[in-house]
Structure formats: C-alpha cells, structure tokens
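Student: My structure is in data.txt, and what it holds is compact mmCIF, C-alpha atoms:
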# COMPACT_ATOMS: atom_id res chain seq x y z
CA MET J 1129 0.00 0.00 0.00
CA ARG J 1130 1.20 3.47 -0.77
CA ASN J 1131 0.79 6.52 1.41
CA GLU J 1132 -0.13 9.80 -0.25
CA GLY J 1133 0.34 13.05 1.61
CA GLU J 1134 -0.94 16.31 0.19
CA PHE J 1135 1.08 19.28 1.36
CA VAL J 1136 -0.46 22.61 0.54
CA GLU J 1137 0.19 26.25 1.14
CA GLY J 1138 -0.06 27.18 4.81
CA VAL J 1139 -1.58 30.36 6.16
CA SER J 1140 -0.14 32.47 8.95
CA SER J 1141 -2.37 35.47 9.39
CA GLN J 1142 -1.43 37.84 6.54
CA ARG J 1143 1.82 36.14 5.55
CA VAL J 1144 1.92 33.57 2.74
CA LEU J 1145 3.99 30.48 3.44
CA THR J 1146 5.29 28.21 0.68
CA GLN J 1147 5.15 24.43 1.10
CA THR J 1148 6.08 21.31 -0.83
CA PRO J 1149 3.45 20.11 -3.34
CA SER J 1150 1.88 16.64 -3.05
CA VAL J 1151 4.26 13.81 -2.18
CA LEU J 1152 3.86 10.05 -2.72
CA THR J 1153 5.86 7.50 -0.74
CA ASP J 1154 5.86 3.87 0.40
CA GLN J 1155 5.09 2.62 3.87
CA SER J 1156 8.06 2.26 6.25
CA LYS J 1157 9.97 4.91 4.30
CA THR J 1158 10.93 8.40 5.48
CA VAL J 1159 9.25 11.42 3.96
CA SER J 1160 9.98 15.11 4.41
CA MET J 1161 8.16 18.26 3.42
CA ASP J 1162 9.42 21.81 3.21
CA CYS J 1163 8.05 25.09 4.46
CA ASN J 1164 9.47 28.53 3.74
CA ILE J 1165 8.16 31.18 6.17
CA ALA J 1166 9.42 34.11 4.03
CA LYS J 1167 10.74 36.14 6.97
CA ASP J 1168 12.39 35.32 10.30
CA GLU J 1169 10.65 37.10 13.15
CA SER J 1170 12.00 34.89 15.95
CA ARG J 1171 8.79 32.89 16.24
CA TYR J 1172 8.11 29.17 16.32
CA VAL J 1173 6.86 27.24 13.31
CA TYR J 1174 3.92 24.93 13.97
CA TRP J 1175 2.93 21.86 11.95
CA TYR J 1176 -0.63 20.53 11.74
CA LYS J 1177 -2.16 17.40 10.24
CA GLN J 1178 -5.66 17.32 8.78
CA THR J 1179 -7.56 14.34 7.43
CA PRO J 1180 -10.86 14.65 5.51
CA GLN J 1181 -13.85 15.74 7.60
CA ALA J 1182 -11.74 16.13 10.74
CA ALA J 1183 -10.35 19.06 12.67
CA PRO J 1184 -6.63 19.86 12.24
CA GLN J 1185 -4.34 18.13 14.74
CA PHE J 1186 -1.30 19.85 16.21
CA VAL J 1187 1.80 17.79 15.35
CA LEU J 1188 4.77 19.73 16.74
CA SER J 1189 6.41 23.12 17.16
CA PHE J 1190 10.00 23.95 16.29
CA TYR J 1191 12.40 26.89 16.18
CA HIS J 1192 15.44 26.88 13.93
CA SER J 1193 17.99 27.37 16.71
CA LEU J 1194 16.80 24.28 18.59
CA SER J 1195 18.19 20.78 18.11
CA SER J 1196 14.75 19.16 18.24
CA PRO J 1197 11.04 20.08 18.54
CA ASP J 1198 10.09 21.36 21.98
CA GLN J 1199 6.42 20.33 21.94
CA TYR J 1200 4.34 17.54 20.42
CA GLY J 1201 0.60 17.15 20.00
CA ASN J 1202 -1.34 14.21 21.40
CA GLY J 1203 -0.61 11.05 19.41
CA PHE J 1204 2.63 12.35 17.88
CA SER J 1205 6.08 11.52 19.24
CA SER J 1206 9.76 12.05 18.52
CA SER J 1207 10.09 8.39 17.53
CA ARG J 1208 8.51 9.14 14.13
CA PHE J 1209 7.97 12.90 13.84
CA THR J 1210 10.65 15.56 13.93
CA SER J 1211 11.61 18.87 12.35
CA LYS J 1212 14.75 20.52 11.07
CA ALA J 1213 15.70 23.90 9.63
CA SER J 1214 18.33 24.54 6.98
CA SER J 1215 18.08 28.29 7.61
CA SER J 1216 16.08 30.71 9.75
CA ILE J 1217 13.22 30.59 7.21
CA ASP J 1218 13.46 27.11 5.67
CA TYR J 1219 11.87 24.35 7.75
CA GLN J 1220 11.19 20.65 7.27
CA LEU J 1221 8.72 18.22 8.81
CA ILE J 1222 10.12 14.69 8.71
CA ILE J 1223 8.07 11.53 9.21
CA SER J 1224 9.91 8.23 9.53
CA ASN J 1225 8.51 4.70 9.23
CA VAL J 1226 5.55 6.07 7.29
CA GLU J 1227 2.19 4.41 7.97
CA ALA J 1228 -1.02 4.44 5.94
CA GLY J 1229 -2.61 6.59 8.65
CA ASP J 1230 -0.08 9.35 7.96
CA SER J 1231 -1.85 10.22 4.70
CA ALA J 1232 -3.21 13.73 5.22
CA VAL J 1233 -2.84 17.41 4.45
CA TYR J 1234 -0.01 18.92 6.50
CA TYR J 1235 0.11 22.64 7.19
CA CYS J 1236 2.95 24.75 8.51
CA GLY J 1237 2.20 28.00 10.26
CA THR J 1238 3.78 30.81 12.22
CA TRP J 1239 2.61 34.07 13.70
CA ASP J 1240 2.73 37.22 11.59
CA SER J 1241 3.71 40.25 13.65
CA SER J 1242 2.04 42.53 11.10
CA ALA J 1243 -1.30 41.14 12.27
CA ASN J 1244 -3.03 42.37 15.37
CA SER J 1245 -0.91 40.92 18.16
CA ALA J 1246 -3.48 42.20 20.65
CA ALA J 1247 -6.14 39.87 19.27
CA PRO J 1248 -8.03 38.36 22.20
CA PRO J 1249 -7.78 34.66 23.07
CA PRO J 1250 -10.68 32.29 22.33
CA VAL J 1251 -13.79 32.58 24.50
CA LEU J 1252 -14.61 29.23 26.10
CA THR J 1253 -17.81 27.85 27.58
CA ILE J 1254 -18.09 24.38 29.12
CA PHE J 1255 -21.45 22.68 29.39
CA PRO J 1256 -21.93 19.88 31.97
CA PRO J 1257 -23.46 16.50 31.14
CA SER J 1258 -27.23 16.28 30.93
CA SER J 1259 -29.23 14.59 33.70
CA GLU J 1260 -30.68 12.24 31.09
CA GLU J 1261 -27.27 11.03 29.97
CA LEU J 1262 -26.12 10.50 33.55
CA LYS J 1263 -28.83 7.86 33.90
CA SER J 1264 -26.80 5.75 31.43
CA ASN J 1265 -23.68 6.06 33.62
CA LYS J 1266 -21.94 8.21 31.02
CA ALA J 1267 -21.11 11.91 31.20
CA THR J 1268 -20.35 14.07 28.16
CA LEU J 1269 -18.98 17.56 28.62
CA VAL J 1270 -19.03 20.08 25.78
CA CYS J 1271 -16.39 22.78 25.28
CA LEU J 1272 -17.51 25.56 22.95
CA ALA J 1273 -14.73 27.85 21.70
CA ASN J 1274 -15.84 31.13 20.11
CA ASP J 1275 -14.02 34.09 18.57
CA MET J 1276 -10.85 32.21 17.65
CA SER J 1277 -8.45 34.26 15.53
CA SER J 1278 -7.53 31.16 13.49
CA GLY J 1279 -9.43 28.21 12.09
CA ILE J 1280 -6.57 25.93 13.15
CA ALA J 1281 -6.62 25.17 16.87
CA ASP J 1282 -5.15 22.73 19.36
CA VAL J 1283 -7.68 21.41 21.88
CA ARG J 1284 -6.76 19.57 25.07
CA TRP J 1285 -8.90 18.14 27.84
CA LEU J 1286 -7.50 17.74 31.34
CA VAL J 1287 -9.01 15.72 34.18
CA GLY J 1288 -7.52 16.53 37.55
CA GLY J 1289 -4.70 18.36 35.78
CA ASN J 1290 -3.78 15.37 33.59
CA SER J 1291 -4.19 15.50 29.81
CA VAL J 1292 -6.58 12.88 28.39
CA SER J 1293 -7.25 11.78 24.82
CA SER J 1294 -9.64 8.86 25.29
CA GLY J 1295 -13.27 9.83 24.81
CA VAL J 1296 -12.39 13.13 23.07
CA THR J 1297 -14.07 14.22 19.85
CA THR J 1298 -13.36 17.61 18.31
CA GLY J 1299 -15.24 19.04 15.35
CA SER J 1300 -13.91 21.19 12.53
CA ALA J 1301 -13.74 24.94 12.99
CA GLU J 1302 -16.48 27.04 11.40
CA GLN J 1303 -16.31 30.70 10.48
CA GLN J 1304 -18.55 33.06 12.42
CA PRO J 1305 -20.30 36.10 10.92
CA ASN J 1306 -17.58 38.31 12.47
CA LYS J 1307 -14.91 36.42 10.42
CA LYS J 1308 -13.52 34.70 13.50
CA PHE J 1309 -13.89 30.98 14.12
CA ARG J 1310 -15.63 28.63 16.52
CA LEU J 1311 -15.47 24.92 17.24
CA SER J 1312 -16.88 22.37 19.65
CA SER J 1313 -15.06 19.60 21.47
CA TYR J 1314 -16.61 16.77 23.48
CA LEU J 1315 -15.25 14.68 26.35
CA THR J 1316 -17.13 11.54 27.38
CA ILE J 1317 -16.22 9.97 30.72
CA GLU J 1318 -17.77 7.56 33.17
CA LYS J 1319 -20.45 8.96 35.47
CA SER J 1320 -18.33 7.87 38.44
CA GLU J 1321 -15.51 10.15 37.28
CA TRP J 1322 -17.89 13.11 37.14
CA GLU J 1323 -19.23 12.23 40.58
CA LYS J 1324 -15.71 12.54 42.06
CA ASP J 1325 -16.06 16.33 41.65
CA THR J 1326 -12.64 16.50 39.98
CA ALA J 1327 -11.78 19.66 38.05
CA ILE J 1328 -12.19 19.04 34.32
CA ALA J 1329 -10.64 21.61 32.00
CA CYS J 1330 -10.73 22.42 28.31
CA GLU J 1331 -7.70 24.22 26.84
CA VAL J 1332 -7.85 25.77 23.37
CA SER J 1333 -4.88 27.35 21.57
CA ALA J 1334 -5.34 29.27 18.32
CA ALA J 1335 -3.06 31.81 16.62
CA SER J 1336 -0.66 31.81 19.59
CA LYS J 1337 -3.51 32.62 21.97
CA ALA J 1338 -4.56 30.08 24.60
CA THR J 1339 -7.46 29.88 27.02
CA THR J 1340 -8.39 27.33 29.66
CA LYS J 1341 -11.80 26.87 31.24
CA ALA J 1342 -12.54 24.41 34.05
CA ILE J 1343 -15.68 22.94 35.56
CA LYS J 1344 -16.58 20.78 38.57
CA LYS J 1345 -19.78 18.94 39.42
CA SER J 1346 -20.20 20.92 42.65
CA GLU J 1347 -20.29 24.13 40.64
CA CYS J 1348 -23.23 23.00 38.56
CA SER J 1349 -26.86 23.17 39.56
CA ASP J 1350 -28.76 19.88 39.45
If you took the structure in this file and wrote it as structure tokens, what would it be?
Tutor:
Amino acid sequence: MRNEGEFVEGVSSQRVLTQTPSVLTDQSKTVSMDCNIAKDESRYVYWYKQTPQAAPQFVLSFYHSLSSPDQYGNGFSSSRFTSKASSSIDYQLIISNVEAGDSAVYYCGTWDSSANSAAPPPVLTIFPPSSEELKSNKATLVCLANDMSSGIADVRWLVGGNSVSSGVTTGSAEQQPNKKFRLSSYLTIEKSEWEKDTAIACEVSAASKATTKAIKKSECSD
C-alpha cells in the first residue's frame, strides 16, 4: 500500500507560506516536506495534520535554533515525527517509518507580527453532562470555543490536571459572521468520574492565543 500526503500552502495570518506540493511515498519509508516562512521574526513554526472531515491536529512546534522540537501534540512523538531547519526561514517536517494513517494534508504556520498581536484569546464555555445522559452512567462535557483568531486550533482536555485523549471528539472549525472561528469539542467519561467532583478543564490554543476553562460537578446546579 502506498501513502499519499498532500502538502499545501499554509496560512499564517497575513503572511503567505510556501510548502512542498503533493508527495507520494511507500510505507516504512521516510518522507519530508518543506516550508518557507518568508521572513524570520524569531517565532516558532507549527505543523498541523488534517484528514478529511476532521479538525486539524497539532503535530509539533519547532524553532530553527533548537536541536529538536520542543512540543508535540497528542498522538505524535519524537520516535517518528521531527523537524529541522536549513536556515532561519526554511523548515522541514520529517516523518519516519511512514504508515497508511499518515496520509493527510499537512500545514505549517507561524505568527505574523504585522497582524493584530493584541487579538483576544478564544472565549470558552463548558457545558456539563445532561441529567438524562447520567442515567446511562456516562457523562459528556461540551467545550464551545468562540471568537478564535484562526481556524486551526489545538484542543486539550485535562481531568484533575492530567491530559486525556480517550473519549475526546473535536469538530472542525467554522467561520462566524464576524470572520472569526468557533469549534466544539466533546469529552465523554464515566459517570463515576464526574461524581468525584474532579476539576475538568478544556484548553484551546489558536493563533498563539490560549485559554483554559474548568468545571466541577459541585459548581453545577442539578
């Protein structure tokens, strides 16, 4: 089986980034893709992966003076994903031991200082599980992020301060009438976990702006 990755032009606010066109490779091989950020403004470059009908996933962040990426998204690790820079504006995302599941659109992005750096962070609202659902011993919390400056966001759920990925579903970002973006993310846990009254938080990062909102059972009216 062959793995096809489509690598398209990334968007960083007002700046146009140039990326490698579509690449075709075999499984178990190593593939790399290039990104030219046009101008070095001492900011990190971020890589995202997007599969059809799914929200973009944060892969990693890297700065050219570092020896390796300093942050990875959930489900991505240094064992297969890394980044390099041949100059202060020329970056590479490298995937080793390619798998069929790696087939996707990969975006690079960085922050453009010519944009409004004072743009506010996303506005978050967390909705508790419904009383009807709790009767089935499940509890689904909804995190609604509004007024995001970018349609590409990294969403994390934390239970008791620990990041979780199981039971998480995040939808694609949609543009609001004010030209900003919104998205919804869902966390489904056992009713018993909700009953522990542990703090459950949703963290959303978009366009270098991050917001965290937490909720506990004791703070909700029955």
Student: Restricting the calculation to all atoms listed in the file, which member of J:Phe1204, J:Phe1309, J:Phe1209, J:Phe1255 is positioned closest to Ser1278 in chain J?
Tutor: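 Residue with the minimum atom-to-atom distance to Ser1278 in chain J: J:Phe1309.
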Student: Could you jot down the CA of Thr1297 in chain J to CA of Ser1320 in chain J separation for me, Å, one decimal place?
Tutor: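 CA of Ser1320 in chain J lies at a distance of 20.1 Å from CA of Thr1297 in chain J.
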Student: Nearest residue to Cys1271 in chain J out of J:Ile1317, J:Val1233, J:Ala1329, J:Leu1194, using only C-alpha atoms?
Tutor: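 Distance minimum relative to Cys1271 in chain J lands on J:Ala1329.
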Student: List as a CSV table (one decimal) with C-alpha atoms, keeping the file's coordinate frame: which residues have an atom within 12 Å of (-20.9, 6.1, 40.8), counting all atoms listed in the file?
Tutor:
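Written output follows (out30.csv):
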chain,number,residue,atom,x,y,z
J,1262,LEU,CA,-26.1,10.5,33.6
J,1263,LYS,CA,-28.8,7.9,33.9
J,1264,SER,CA,-26.8,5.8,31.4
J,1265,ASN,CA,-23.7,6.1,33.6
J,1266,LYS,CA,-21.9,8.2,31.0
J,1267,ALA,CA,-21.1,11.9,31.2
J,1317,ILE,CA,-16.2,10.0,30.7
J,1318,GLU,CA,-17.8,7.6,33.2
J,1319,LYS,CA,-20.4,9.0,35.5
J,1320,SER,CA,-18.3,7.9,38.4
J,1321,GLU,CA,-15.5,10.2,37.3
J,1322,TRP,CA,-17.9,13.1,37.1
J,1323,GLU,CA,-19.2,12.2,40.6
J,1324,LYS,CA,-15.7,12.5,42.1
J,1325,ASP,CA,-16.1,16.3,41.6
Student: Would you mind listing, for every residue of range 1191-1275 of chain J within 8 Å of range 1170-1173 of chain J, the two atoms forming the shortest contact and the distance between them in Å to one decimal, using all atoms listed in the file, sorted by chain and ascending residue number, as a Markdown table?
Tutor:
| residue | atom | partner | partner_atom | distance |
| --- | --- | --- | --- | --- |
| J:Tyr1191 | CA | J:Tyr1172 | CA | 4.9 |
| J:Cys1236 | CA | J:Val1173 | CA | 6.7 |
| J:Gly1237 | CA | J:Val1173 | CA | 5.6 |
| J:Thr1238 | CA | J:Val1173 | CA | 4.8 |
| J:Trp1239 | CA | J:Arg1171 | CA | 6.8 |
Student: Need to verify the contact set: Ala1182 in chain J, 10 Å, only C-alpha atoms, exclusion of same-chain residues closer than 2 positions in sequence. Can you return it as a list in words?
Tutor: Lys1177, Gln1178, Thr1179, Pro1180, Pro1184, Gln1185, Thr1297, Thr1298, Gly1299, Ser1300 and Ala1301 of chain J
